[in-house]
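Novice: File name final.tsv; file contents TSV, C-alpha atoms and all ligand atoms; full text below.
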```tsv
chain	number	residue	atom	x	y	z
A	267	MET	CA	28.59	18.46	-3.58
A	268	SER	CA	25.12	17.09	-4.25
A	269	ILE	CA	24.11	13.54	-3.49
A	270	GLU	CA	24.04	12.83	-7.23
A	271	GLU	CA	27.77	13.26	-7.71
A	272	PRO	CA	29.02	9.79	-6.63
A	273	LEU	CA	26.26	8.10	-8.67
A	274	ARG	CA	27.19	10.17	-11.65
A	275	ALA	CA	30.83	9.20	-11.43
A	276	GLN	CA	29.90	5.48	-11.22
A	277	SER	CA	27.46	5.38	-14.08
A	278	GLY	CA	29.45	7.57	-16.44
A	279	GLY	CA	27.06	10.46	-16.83
A	280	ALA	CA	23.82	11.98	-15.64
A	281	LEU	CA	21.06	10.15	-13.78
A	282	PRO	CA	18.32	9.03	-16.17
A	283	HIS	CA	15.12	11.09	-16.27
A	284	GLY	CA	12.97	9.89	-13.38
A	285	GLY	CA	15.97	8.14	-11.78
A	286	LEU	CA	15.96	4.73	-13.49
A	287	LEU	CA	16.92	3.66	-16.98
A	288	VAL	CA	13.99	1.76	-18.51
A	289	ASP	CA	14.82	-1.55	-20.20
A	290	ARG	CA	11.93	-3.15	-22.11
A	291	ARG	CA	13.92	-5.23	-24.58
A	292	LEU	CA	12.49	-8.54	-25.78
A	293	ASP	CA	14.66	-11.65	-25.55
A	294	ALA	CA	15.37	-13.47	-28.81
A	295	ASP	CA	13.61	-16.69	-27.70
A	296	VAL	CA	10.47	-14.75	-26.75
A	297	VAL	CA	10.55	-13.08	-30.17
A	298	ALA	CA	10.73	-16.50	-31.86
A	299	VAL	CA	7.65	-17.72	-29.96
A	300	LEU	CA	5.64	-14.54	-30.39
A	301	GLY	CA	6.64	-14.11	-34.03
A	302	SER	CA	4.60	-17.15	-35.01
A	303	SER	CA	1.81	-16.78	-32.44
A	304	SER	CA	-1.81	-15.94	-33.18
A	305	LEU	CA	-1.80	-12.61	-31.26
A	306	ALA	CA	-3.75	-9.81	-32.88
A	307	SER	CA	-1.35	-7.78	-35.04
A	308	LEU	CA	-0.93	-4.08	-35.58
A	309	VAL	CA	1.33	-2.77	-38.35
A	310	VAL	CA	3.25	0.27	-37.08
A	311	THR	CA	4.49	3.21	-39.16
A	312	ALA	CA	8.20	3.92	-39.51
A	313	ALA	CA	7.89	6.76	-36.98
A	314	GLU	CA	6.02	4.54	-34.51
A	315	ALA	CA	8.64	1.80	-34.96
A	316	ALA	CA	11.37	4.31	-34.12
A	317	ASP	CA	9.42	5.44	-31.03
A	318	LEU	CA	8.97	1.79	-30.05
A	319	ARG	CA	12.71	1.15	-30.21
A	320	ALA	CA	13.44	4.33	-28.22
A	321	LEU	CA	10.92	3.25	-25.56
A	322	ALA	CA	12.37	-0.26	-25.27
A	323	SER	CA	15.99	0.88	-25.09
A	324	GLY	CA	15.31	3.40	-22.32
A	325	ALA	CA	15.96	6.43	-24.53
A	326	TYR	CA	12.52	7.73	-23.47
A	327	SER	CA	12.90	6.84	-19.75
A	328	PRO	CA	10.73	7.02	-17.64
A	329	LEU	CA	8.18	6.11	-20.36
A	330	THR	CA	7.55	2.35	-20.52
A	331	GLY	CA	5.01	2.37	-23.33
A	332	PHE	CA	2.66	4.39	-25.50
A	333	MET	CA	0.75	7.04	-23.58
A	334	GLY	CA	-2.77	6.65	-22.20
A	335	SER	CA	-5.42	9.38	-22.12
A	336	LYS	CA	-4.29	10.76	-18.74
A	337	GLU	CA	-0.65	11.03	-19.82
A	338	HIS	CA	-1.68	12.41	-23.19
A	339	GLN	CA	-3.76	15.14	-21.60
A	340	ALA	CA	-1.18	16.06	-18.94
A	341	VAL	CA	1.70	16.16	-21.42
A	342	THR	CA	-0.23	18.14	-24.01
A	343	GLU	CA	-1.64	20.69	-21.58
A	344	SER	CA	1.09	21.05	-18.94
A	345	MET	CA	4.24	19.59	-20.57
A	346	ARG	CA	4.43	17.15	-17.66
A	347	LEU	CA	3.49	13.54	-16.96
A	348	PRO	CA	0.73	13.04	-14.36
A	349	ASP	CA	3.42	12.52	-11.67
A	350	GLY	CA	4.88	15.94	-12.47
A	351	LEU	CA	7.96	14.83	-14.42
A	352	LEU	CA	8.75	17.00	-17.41
A	353	TRP	CA	7.78	15.49	-20.79
A	354	PRO	CA	6.31	17.95	-23.30
A	355	ILE	CA	5.53	15.70	-26.32
A	356	PRO	CA	2.89	12.93	-26.62
A	357	VAL	CA	4.15	9.50	-27.70
A	358	CYS	CA	1.12	7.71	-29.14
A	359	LEU	CA	0.37	4.60	-31.15
A	360	GLY	CA	-2.33	5.00	-33.79
A	361	LEU	CA	-5.03	2.36	-34.08
A	362	PRO	CA	-6.31	2.31	-37.68
A	363	ASP	CA	-10.02	1.79	-38.33
A	364	GLY	CA	-11.06	-1.82	-38.58
A	365	ILE	CA	-8.44	-3.12	-36.16
A	366	ARG	CA	-9.97	-4.53	-32.99
A	367	VAL	CA	-8.06	-4.90	-29.76
A	368	ASP	CA	-9.94	-6.26	-26.76
A	369	GLY	CA	-7.39	-6.05	-24.00
A	370	GLY	CA	-4.64	-8.60	-23.74
A	371	ARG	CA	-1.57	-8.30	-25.94
A	372	VAL	CA	-1.05	-7.04	-29.46
A	373	ALA	CA	1.88	-7.94	-31.68
A	374	LEU	CA	3.46	-4.85	-33.28
A	375	ARG	CA	4.84	-5.56	-36.73
A	376	ASP	CA	6.58	-3.57	-39.44
A	377	ALA	CA	5.23	-3.28	-43.00
A	378	GLN	CA	7.10	-6.50	-43.90
A	379	GLY	CA	5.31	-8.39	-41.12
A	380	GLN	CA	8.44	-8.67	-38.97
A	381	LEU	CA	7.66	-8.65	-35.23
A	382	GLN	CA	8.93	-5.43	-33.65
A	383	GLY	CA	7.38	-5.71	-30.21
A	384	VAL	CA	4.38	-6.42	-28.05
A	385	LEU	CA	1.96	-4.03	-26.39
A	386	GLU	CA	-0.13	-4.87	-23.37
A	387	VAL	CA	-3.38	-3.07	-24.05
A	388	ALA	CA	-4.28	-0.81	-21.15
A	389	GLU	CA	-6.59	1.58	-22.95
A	390	VAL	CA	-8.00	2.63	-26.31
A	391	PHE	CA	-9.00	6.27	-26.60
A	392	GLU	CA	-9.67	9.08	-29.07
A	393	ARG	CA	-7.18	11.91	-29.18
A	394	ASP	CA	-8.10	15.41	-30.26
A	395	ARG	CA	-5.50	15.85	-32.98
A	396	GLN	CA	-6.32	19.51	-33.70
A	397	ALA	CA	-5.95	20.46	-30.03
A	398	GLU	CA	-2.75	18.43	-29.75
A	399	ALA	CA	-1.26	20.13	-32.81
A	400	GLN	CA	-2.16	23.59	-31.50
A	401	LEU	CA	-0.80	23.01	-27.98
A	402	VAL	CA	2.33	21.02	-28.84
A	403	TYR	CA	3.30	22.51	-32.22
A	404	GLY	CA	1.71	25.93	-31.83
A	405	THR	CA	-0.10	25.52	-35.16
A	406	THR	CA	-2.62	23.30	-36.95
A	407	ASP	CA	-1.10	24.08	-40.35
A	408	PRO	CA	-0.89	20.78	-42.27
A	409	ALA	CA	2.15	22.17	-44.15
A	410	HIS	CA	4.12	21.71	-40.90
A	411	PRO	CA	5.66	18.20	-41.26
A	412	GLY	CA	5.18	17.32	-37.57
A	413	VAL	CA	1.59	18.57	-37.54
A	414	ALA	CA	0.89	16.66	-40.76
A	415	ARG	CA	2.00	13.44	-39.07
A	416	VAL	CA	-0.37	14.10	-36.14
A	417	LEU	CA	-3.33	15.04	-38.35
A	418	ASP	CA	-2.77	12.09	-40.72
A	419	ALA	CA	-2.56	9.58	-37.84
A	420	PRO	CA	-5.68	7.73	-36.72
A	421	SER	CA	-7.62	9.61	-34.03
A	422	ARG	CA	-8.04	6.33	-32.15
A	423	VAL	CA	-4.90	5.32	-30.25
A	424	VAL	CA	-3.96	2.28	-28.23
A	425	ALA	CA	-1.95	2.68	-25.04
A	426	GLY	CA	-0.02	0.45	-22.70
A	427	PRO	CA	3.39	-0.82	-21.72
A	428	ILE	CA	5.53	-2.32	-24.47
A	429	GLN	CA	8.39	-4.69	-24.94
A	430	ALA	CA	10.34	-4.55	-28.17
A	431	VAL	CA	13.19	-5.89	-30.21
A	432	VAL	CA	16.32	-3.76	-29.96
A	433	GLU	CA	18.61	-5.67	-32.30
A	434	PRO	CA	21.70	-4.04	-33.79
A	435	LEU	CA	20.69	-2.41	-37.09
A	436	GLU	CA	22.37	-3.03	-40.41
A	437	GLY	CA	24.74	-0.86	-42.39
A	438	PRO	CA	27.00	2.08	-41.52
A	439	VAL	CA	24.19	3.89	-39.69
A	440	GLY	CA	22.87	0.85	-37.83
A	441	SER	CA	26.23	0.02	-36.30
A	442	ARG	CA	26.21	3.49	-34.73
A	443	ALA	CA	22.75	3.07	-33.15
A	444	LEU	CA	23.85	2.59	-29.55
A	445	THR	CA	21.48	2.17	-26.61
A	446	PRO	CA	21.65	4.45	-23.55
A	447	ALA	CA	23.29	1.60	-21.60
A	448	GLU	CA	25.97	1.35	-24.31
A	449	THR	CA	26.82	5.06	-24.40
A	450	ARG	CA	26.90	5.15	-20.58
A	451	ALA	CA	29.34	2.23	-20.58
A	452	ALA	CA	31.46	4.02	-23.20
A	453	PHE	CA	31.53	7.22	-21.12
A	454	ALA	CA	32.52	5.27	-17.99
A	455	GLU	CA	35.26	3.43	-19.87
A	456	ARG	CA	36.69	6.73	-21.05
A	457	GLY	CA	36.42	8.23	-17.59
A	458	TRP	CA	34.09	11.03	-18.70
A	459	ALA	CA	32.14	12.51	-15.78
A	460	THR	CA	30.71	15.37	-17.83
A	461	VAL	CA	29.51	14.91	-21.41
A	462	VAL	CA	27.85	17.35	-23.80
A	463	GLY	CA	25.32	16.03	-26.31
A	464	PHE	CA	24.81	17.52	-29.76
A	465	GLN	CA	21.56	16.82	-31.60
A	466	THR	CA	21.46	17.21	-35.36
A	467	ARG	CA	19.50	16.05	-38.38
A	468	ASN	CA	21.74	17.90	-40.84
A	469	PRO	CA	25.31	17.61	-42.10
A	470	VAL	CA	27.78	19.26	-39.72
A	471	HIS	CA	29.51	22.34	-41.14
A	472	ARG	CA	32.21	24.51	-39.56
A	473	ALA	CA	29.65	26.46	-37.52
A	474	HIS	CA	28.34	23.32	-35.78
A	475	GLU	CA	31.88	22.04	-35.30
A	476	TYR	CA	32.71	25.32	-33.59
A	477	LEU	CA	29.75	25.07	-31.18
A	478	MET	CA	30.69	21.50	-30.31
A	479	LYS	CA	34.30	22.52	-29.70
A	480	CYS	CA	33.29	25.51	-27.56
A	481	ALA	CA	31.17	23.20	-25.40
A	482	LEU	CA	33.82	20.50	-25.30
A	483	GLU	CA	36.36	23.00	-23.91
A	484	THR	CA	34.40	22.94	-20.64
A	485	VAL	CA	33.47	19.21	-20.26
A	486	ASP	CA	35.17	15.80	-20.53
A	487	GLY	CA	33.55	14.44	-23.67
A	488	LEU	CA	31.25	15.06	-26.62
A	489	LEU	CA	28.42	12.81	-27.80
A	490	LEU	CA	27.76	13.67	-31.46
A	491	HIS	CA	24.25	12.24	-31.58
A	492	PRO	CA	22.51	12.64	-34.94
A	493	LEU	CA	18.90	11.64	-35.17
A	494	VAL	CA	18.43	8.99	-37.87
A	495	GLY	CA	14.73	8.14	-37.57
A	496	PRO	CA	12.13	9.28	-40.08
A	497	THR	CA	12.73	12.92	-41.05
A	498	LYS	CA	11.04	15.07	-43.65
A	499	GLU	CA	11.46	15.05	-47.39
A	500	GLY	CA	14.48	17.07	-48.47
A	501	ASP	CA	16.58	16.25	-45.39
A	502	VAL	CA	19.94	14.68	-46.28
A	503	PRO	CA	19.77	10.83	-46.10
A	504	ALA	CA	21.16	9.31	-42.91
A	505	GLU	CA	23.90	7.29	-44.69
A	506	VAL	CA	25.31	10.42	-46.30
A	507	ARG	CA	25.15	12.34	-43.05
A	508	MET	CA	26.87	9.55	-41.15
A	509	ALA	CA	29.78	9.56	-43.60
A	510	ALA	CA	29.97	13.35	-43.21
A	511	TYR	CA	30.00	13.07	-39.39
A	512	GLU	CA	32.80	10.53	-39.62
A	513	ALA	CA	34.78	13.02	-41.72
A	514	VAL	CA	34.29	15.71	-39.05
A	515	LEU	CA	35.44	13.30	-36.31
A	516	GLU	CA	38.93	13.59	-37.78
A	517	TYR	CA	39.03	17.11	-36.34
A	518	PHE	CA	38.47	15.95	-32.75
A	519	PRO	CA	40.77	13.88	-30.52
A	520	ALA	CA	39.37	10.33	-30.65
A	521	SER	CA	39.51	10.11	-26.86
A	522	ARG	CA	37.11	13.06	-26.51
A	523	VAL	CA	34.27	12.28	-28.89
A	524	LEU	CA	31.73	9.50	-29.45
A	525	LEU	CA	29.56	9.35	-32.58
A	526	ALA	CA	26.29	7.49	-32.05
A	527	ALA	CA	22.98	7.47	-33.91
A	528	LEU	CA	19.66	8.12	-32.20
A	529	VAL	CA	16.83	6.16	-33.82
A	530	ALA	CA	13.80	8.36	-33.15
A	531	PRO	CA	11.39	10.31	-35.34
A	532	MET	CA	11.94	14.02	-35.81
A	533	ARG	CA	8.79	15.99	-34.91
A	534	TYR	CA	9.92	19.54	-35.78
A	535	ALA	CA	8.03	20.83	-32.73
A	536	GLY	CA	10.66	23.51	-32.02
A	537	PRO	CA	10.58	24.67	-28.37
A	538	ARG	CA	8.52	21.74	-27.09
A	539	GLU	CA	10.80	19.24	-28.82
A	540	ALA	CA	14.02	20.82	-27.57
A	541	VAL	CA	13.07	19.61	-24.08
A	542	PRO	CA	12.78	15.87	-24.89
A	543	HIS	CA	15.88	16.25	-27.07
A	544	ALA	CA	17.69	17.25	-23.85
A	545	LEU	CA	15.93	14.64	-21.66
A	546	VAL	CA	16.74	11.83	-24.10
A	547	ARG	CA	20.42	12.86	-24.06
A	548	LYS	CA	20.30	12.83	-20.27
A	549	ASN	CA	19.10	9.21	-20.56
A	550	TYR	CA	22.08	8.53	-22.79
A	551	GLY	CA	24.30	9.83	-19.97
A	552	CYS	CA	24.93	13.43	-21.08
A	553	THR	CA	25.25	16.12	-18.40
A	554	HIS	CA	25.12	19.04	-20.85
A	555	PHE	CA	23.16	19.66	-24.05
A	556	ILE	CA	23.63	22.17	-26.86
A	557	VAL	CA	20.49	24.11	-27.77
A	558	GLY	CA	21.01	25.98	-31.00
A	559	ARG	CA	19.16	28.73	-32.78
A	560	ASP	CA	15.66	27.60	-33.86
A	561	HIS	CA	16.34	24.22	-32.27
A	562	ALA	CA	14.10	21.45	-33.72
A	563	GLY	CA	12.26	24.10	-35.72
A	564	VAL	CA	11.11	24.03	-39.31
A	565	GLY	CA	10.19	26.83	-41.71
A	566	SER	CA	9.37	30.00	-39.80
A	567	TYR	CA	6.93	28.55	-37.28
A	568	TYR	CA	9.12	29.38	-34.26
A	569	GLY	CA	11.20	32.37	-33.22
A	570	PRO	CA	14.99	31.86	-33.35
A	571	PHE	CA	15.35	31.80	-29.55
A	572	GLU	CA	11.97	30.34	-28.51
A	573	ALA	CA	13.43	26.89	-27.80
A	574	GLN	CA	16.26	28.37	-25.73
A	575	GLU	CA	13.82	30.54	-23.79
A	576	LEU	CA	11.50	27.65	-23.01
A	577	ILE	CA	14.30	25.40	-21.81
A	578	ALA	CA	15.85	28.21	-19.75
A	579	SER	CA	12.48	28.81	-18.05
A	580	LEU	CA	12.35	25.25	-16.67
A	581	PRO	CA	13.64	24.56	-13.14
A	582	ALA	CA	17.18	23.13	-13.33
A	583	ASP	CA	16.29	20.20	-11.04
A	584	ASP	CA	13.32	19.23	-13.23
A	585	LEU	CA	15.49	19.22	-16.34
A	586	GLY	CA	18.48	17.48	-14.74
A	587	ILE	CA	20.76	18.32	-17.68
A	588	THR	CA	22.46	21.65	-18.28
A	589	PRO	CA	21.35	23.37	-21.50
A	590	LEU	CA	24.11	25.28	-23.30
A	591	ARG	CA	22.56	27.98	-25.44
A	592	PHE	CA	24.35	29.04	-28.62
A	593	ASP	CA	23.63	31.52	-31.38
A	594	ASN	CA	24.57	30.80	-35.02
A	595	ALA	CA	28.32	30.73	-35.66
A	596	PHE	CA	30.27	31.96	-38.69
A	597	TYR	CA	33.83	32.62	-39.82
A	598	CYS	CA	34.87	36.28	-39.46
A	599	ARG	CA	37.48	37.55	-41.92
A	600	ARG	CA	38.62	40.25	-39.48
A	601	CYS	CA	38.67	38.12	-36.32
A	602	LEU	CA	40.33	35.44	-38.51
A	603	ALA	CA	38.34	32.94	-36.48
A	604	MET	CA	35.00	31.27	-35.99
A	605	ALA	CA	32.73	33.40	-33.82
A	606	THR	CA	29.15	34.33	-33.01
A	607	GLY	CA	27.44	37.66	-32.49
A	608	LYS	CA	28.45	37.30	-28.85
A	609	THR	CA	32.19	37.23	-29.58
A	610	CYS	CA	32.65	39.19	-32.82
A	611	PRO	CA	32.00	42.95	-33.14
A	612	HIS	CA	32.30	43.13	-36.96
A	613	PRO	CA	29.52	43.68	-39.48
A	614	ASP	CA	27.86	40.87	-41.47
A	615	SER	CA	29.90	41.85	-44.53
A	616	ASP	CA	33.01	40.48	-42.76
A	617	HIS	CA	31.35	37.14	-42.10
A	618	VAL	CA	31.41	34.03	-44.28
A	619	ALA	CA	27.77	33.02	-44.04
A	620	LEU	CA	25.66	31.07	-46.53
A	621	SER	CA	21.97	30.31	-46.34
A	622	GLY	CA	20.79	26.71	-46.55
A	623	THR	CA	19.45	27.39	-50.04
A	624	GLN	CA	22.75	28.93	-51.20
A	625	VAL	CA	24.69	25.91	-49.92
A	626	ARG	CA	22.34	23.42	-51.58
A	627	THR	CA	22.58	25.32	-54.88
A	628	MET	CA	26.41	25.27	-54.75
A	629	LEU	CA	26.55	21.59	-53.84
A	630	ALA	CA	24.04	20.62	-56.53
A	631	ALA	CA	26.24	22.48	-59.07
A	632	GLY	CA	29.26	20.51	-57.85
A	633	GLN	CA	30.90	23.58	-56.26
A	634	LEU	CA	32.75	23.38	-52.97
A	635	PRO	CA	31.62	26.04	-50.48
A	636	PRO	CA	34.48	28.08	-48.97
A	637	PRO	CA	36.58	26.09	-46.46
A	638	GLU	CA	35.60	28.62	-43.79
A	639	PHE	CA	32.03	27.39	-44.22
A	640	SER	CA	32.43	23.65	-44.75
A	641	ARG	CA	35.24	21.10	-44.57
A	642	ALA	CA	36.09	20.01	-48.13
A	643	GLU	CA	35.70	16.31	-47.17
A	644	VAL	CA	32.17	16.97	-45.92
A	645	ALA	CA	31.20	19.13	-48.90
A	646	GLN	CA	32.52	16.51	-51.35
A	647	LEU	CA	30.32	13.82	-49.78
A	648	LEU	CA	27.30	16.09	-50.15
A	649	ILE	CA	28.18	16.97	-53.76
A	650	ASP	CA	28.35	13.24	-54.56
A	651	ALA	CA	24.98	12.72	-52.85
A	652	TYR	CA	23.28	15.60	-54.69
A	653	ARG	CA	24.62	14.45	-58.08
A	654	PRO	CA	21.66	13.06	-60.04
B	701	ZN	ZN	34.90	39.53	-36.23
```
Please, can you express the file's structure as structure tokens?
Ligand SMILES: [Zn+2]
Specialist:
Amino acid sequence: MSIEEPLRAQSGGALPHGGLLVDRRLDADVVAVLGSSSLASLVVTAAEAADLRALASGAYSPLTGFMGSKEHQAVTESMRLPDGLLWPIPVCLGLPDGIRVDGGRVALRDAQGQLQGVLEVAEVFERDRQAEAQLVYGTTDPAHPGVARVLDAPSRVVAGPIQAVVEPLEGPVGSRALTPAETRAAFAERGWATVVGFQTRNPVHRAHEYLMKCALETVDGLLLHPLVGPTKEGDVPAEVRMAAYEAVLEYFPASRVLLAALVAPMRYAGPREAVPHALVRKNYGCTHFIVGRDHAGVGSYYGPFEAQELIASLPADDLGITPLRFDNAFYCRRCLAMATGKTCPHPDSDHVALSGTQVRTMLAAGQLPPPEFSRAEVAQLLIDAYRP
């Protein structure tokens, strides 16, 4: 038994990345004072606001703020922070032209002027966006939605530790946006020592349900953890997805599954992004993490197993969460069961498989996909959402 085991049992899950869960939340009275103060203001983008919240809540532990030039270089070039901890994606705050910051503190506000947080200015530097795109995303193609966000951001960035508002959000999605401390408490209350996390930005069909159930057979609990931050055009809206996840929950014992929303931007960086997807779930208390085919990928920029290969190549102690690698699943008419290429010997013609485009076409036409592909409750929600 390793020394981590008793700690794990107490805290309800894995040790946070770097050992300590970061907490940079702003108190309400401080917000009231700062909200009306004369601090220099910087309006953050929706993606930056989501990063800010993730930083403050400890989702990005051990990060305590937006990265400086040293961190940016180390992360971009070696996938590690200067102290050697794994972290393969830069988290930067753009500083638009014309905005001056001369040290001290800057108020971070949303487009409506609402105070989101405060940054203590440690450094202002220029980032090489082309080099960052090439190293982190493997391409400088502006058609890649993650690359486009990097290239469109200001080259000047401001770095330093932050504090931010982490208020409960509104609506059916907001009420699901738990902090790492909250999911850890929920795991402990349920007595889960081992928990598998499932990342998704899409509706969950039978194939995903099967992967989650396969994983759940070997651990105590499942964290269904959809990402609800800014995604790309064409992705299904978060409210619709949340309703669809709730429908899928009916097919799991309530004592074995927790549905929570992760407010963070999707970067579509494929292999590089699969790693922070796992590290963030470790911060939320997960001990295991499902890495699917073309995890966090987009278009055909990454090979189907590149993310799994990268994560498998990392030392287990550095990762601190066990990746569970899965291939695509399908229903097989001869097995009479859900399966993958690993468990079913039959040809494709025996499999119920639909491409994303085929499914969207059916749903847009108001047709239910076969029940072997999608639960009718889920499909009906999507049909309603696609109806003009
Ligand atoms: Zn089969």
Novice: Which of these residues is nearest to Thr553 of chain A, using all atoms listed in the file: A:Ser615, A:Gln646, A:Thr466, A:Thr484?
Specialist: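 Of A:Ser615, A:Gln646, A:Thr466, A:Thr484, the one nearest Thr553 of chain A is A:Thr484, counting all atoms listed in the file.
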Novice: Quick one: contact table of chain A to ligand ZN 701 (chain B), 6 Å max, nearest atom pair and distance in Å to one decimal per residue, counting only C-alpha atoms and all ligand atoms, chain and number order, as a tab-separated table?
Specialist:
```
residue	atom	partner	partner_atom	distance
A:Cys598	CA	B:ZN701	ZN	4.6
A:Arg600	CA	B:ZN701	ZN	5.0
A:Cys601	CA	B:ZN701	ZN	4.0
A:Cys610	CA	B:ZN701	ZN	4.1
A:Pro611	CA	B:ZN701	ZN	5.4
A:His612	CA	B:ZN701	ZN	4.5
```
Novice: I'd like the neighbourhood of Gly404 of chain A as a compact mmCIF listing (two decimals) with C-alpha atoms, keeping the file's coordinate frame, where a residue qualifies if any of its atoms comes within 10 Å (using all atoms listed in the file), though same-chain residues fewer than 3 positions away should be ignored.
Specialist:
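Below is the file that was written, around_20.txt:
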```
# COMPACT_ATOMS: atom_id res chain seq x y z
CA ALA A 397 -5.95 20.46 -30.03
CA GLU A 398 -2.75 18.43 -29.75
CA ALA A 399 -1.26 20.13 -32.81
CA GLN A 400 -2.16 23.59 -31.50
CA LEU A 401 -0.80 23.01 -27.98
CA ASP A 407 -1.10 24.08 -40.35
CA VAL A 413 1.59 18.57 -37.54
CA ALA A 535 8.03 20.83 -32.73
CA GLY A 536 10.66 23.51 -32.02
CA PRO A 537 10.58 24.67 -28.37
CA ARG A 538 8.52 21.74 -27.09
CA TYR A 567 6.93 28.55 -37.28
CA TYR A 568 9.12 29.38 -34.26
```
Novice: Excluding same-chain residues fewer than 6 positions from Val564 of chain A, what lies within 10 Å of it counting all atoms listed in the file, as a PyMOL selection string?
Specialist: chain A and resi 410-412+498+533-536
Novice: Set the distance at 9 Å and use only C-alpha atoms: which residues neighbour Glu392 of chain A once local chain neighbours fewer than 5 positions away are removed? I'd like the list as a VMD selection string.
Specialist: chain A and resid 335 420 to 424
Novice: I need the residues from that last selection saved to file as a PDB file, in the frame of the given file (with C-alpha atoms), if you can.
Specialist:
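New file selection23.pdb:
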```pdb
ATOM      1  CA  SER A 335      -5.420   9.380 -22.120  1.00  0.00           C
ATOM      2  CA  PRO A 420      -5.680   7.730 -36.720  1.00  0.00           C
ATOM      3  CA  SER A 421      -7.620   9.610 -34.030  1.00  0.00           C
ATOM      4  CA  ARG A 422      -8.040   6.330 -32.150  1.00  0.00           C
ATOM      5  CA  VAL A 423      -4.900   5.320 -30.250  1.00  0.00           C
ATOM      6  CA  VAL A 424      -3.960   2.280 -28.230  1.00  0.00           C
TER       7      VAL A 424
END
```
Novice: Could you name the residues that touch Pro503 of chain A at 12 Å or less, counting all atoms listed in the file, but leaving out those on the same chain fewer than 3 positions away, as a tab-separated table (two decimals) with C-alpha atoms, in the coordinates of the input?
Specialist:
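So around-v2.tsv came out as:
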```
chain	number	residue	atom	x	y	z
A	439	VAL	CA	24.19	3.89	-39.69
A	467	ARG	CA	19.50	16.05	-38.38
A	468	ASN	CA	21.74	17.90	-40.84
A	469	PRO	CA	25.31	17.61	-42.10
A	492	PRO	CA	22.51	12.64	-34.94
A	493	LEU	CA	18.90	11.64	-35.17
A	494	VAL	CA	18.43	8.99	-37.87
A	495	GLY	CA	14.73	8.14	-37.57
A	496	PRO	CA	12.13	9.28	-40.08
A	497	THR	CA	12.73	12.92	-41.05
A	498	LYS	CA	11.04	15.07	-43.65
A	499	GLU	CA	11.46	15.05	-47.39
A	500	GLY	CA	14.48	17.07	-48.47
A	506	VAL	CA	25.31	10.42	-46.30
A	507	ARG	CA	25.15	12.34	-43.05
A	508	MET	CA	26.87	9.55	-41.15
A	509	ALA	CA	29.78	9.56	-43.60
A	510	ALA	CA	29.97	13.35	-43.21
A	647	LEU	CA	30.32	13.82	-49.78
A	648	LEU	CA	27.30	16.09	-50.15
A	651	ALA	CA	24.98	12.72	-52.85
A	652	TYR	CA	23.28	15.60	-54.69
```
Novice: Given the choices A:Pro354, A:Pro427, A:Gly334, A:Pro635, which gets closest to Val372 of chain A if the distance is worked out from only C-alpha atoms?
Specialist: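 Counting only C-alpha atoms, the residue closest to Val372 of chain A is A:Pro427.
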Novice: Enter the distance from atom CA of Arg522 of chain A to atom CA of Arg456 of chain A, in Å, rounded to one decimal.
Specialist: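 Atom-to-atom, atom CA of Arg522 of chain A and atom CA of Arg456 of chain A are spaced 8.4 Å apart.
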Novice: Rounded to one decimal, what separation in Å do you get between atom CA of Gly437 of chain A and atom CA of Glu505 of chain A?
Specialist: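 Answer for the atom CA of Gly437 of chain A to atom CA of Glu505 of chain A separation: 8.5 Å.
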Novice: Which residues come within 12 Å of Tyr326 of chain A, counting all atoms listed in the file, excluding same-chain residues fewer than 4 positions away, as number ranges by chain?
Specialist: A: 282-284, 286-290, 316-322, 330-333, 352-357, 445-446, 528-530, 541-550
Novice: Can you work out the spacing between atom CA of Ala619 of chain A and atom CA of Tyr476 of chain A in Å, to one decimal?
Specialist: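 Computing it gives 13.9 Å between the two atoms.
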Novice: Pick from A:Ala298, A:Ala595, A:Ala452, A:Val341: nearest to Leu477 of chain A, with all atoms listed in the file counted?
Specialist: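 Counting all atoms listed in the file, the residue closest to Leu477 of chain A is A:Ala595.
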Novice: I'd like to know which of A:Asp560, A:Ala573, A:Tyr511, A:His474 is closest to Thr606 of chain A, using all atoms listed in the file.
Specialist: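 Checking each candidate against Thr606 of chain A, we get A:His474 as the closest.
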Novice: To test the calculation: enclose all listed atoms of segment 434-443 of chain A in a box whose edges run along x, y and z, add 8 Å on each side, then state centre and edge lengths in Å to one decimal, as lines of an AutoDock Vina configuration file.
Specialist:
```
center_x = 23.8
center_y = -0.1
center_z = -37.8
size_x = 22.3
size_y = 23.9
size_z = 25.2
```
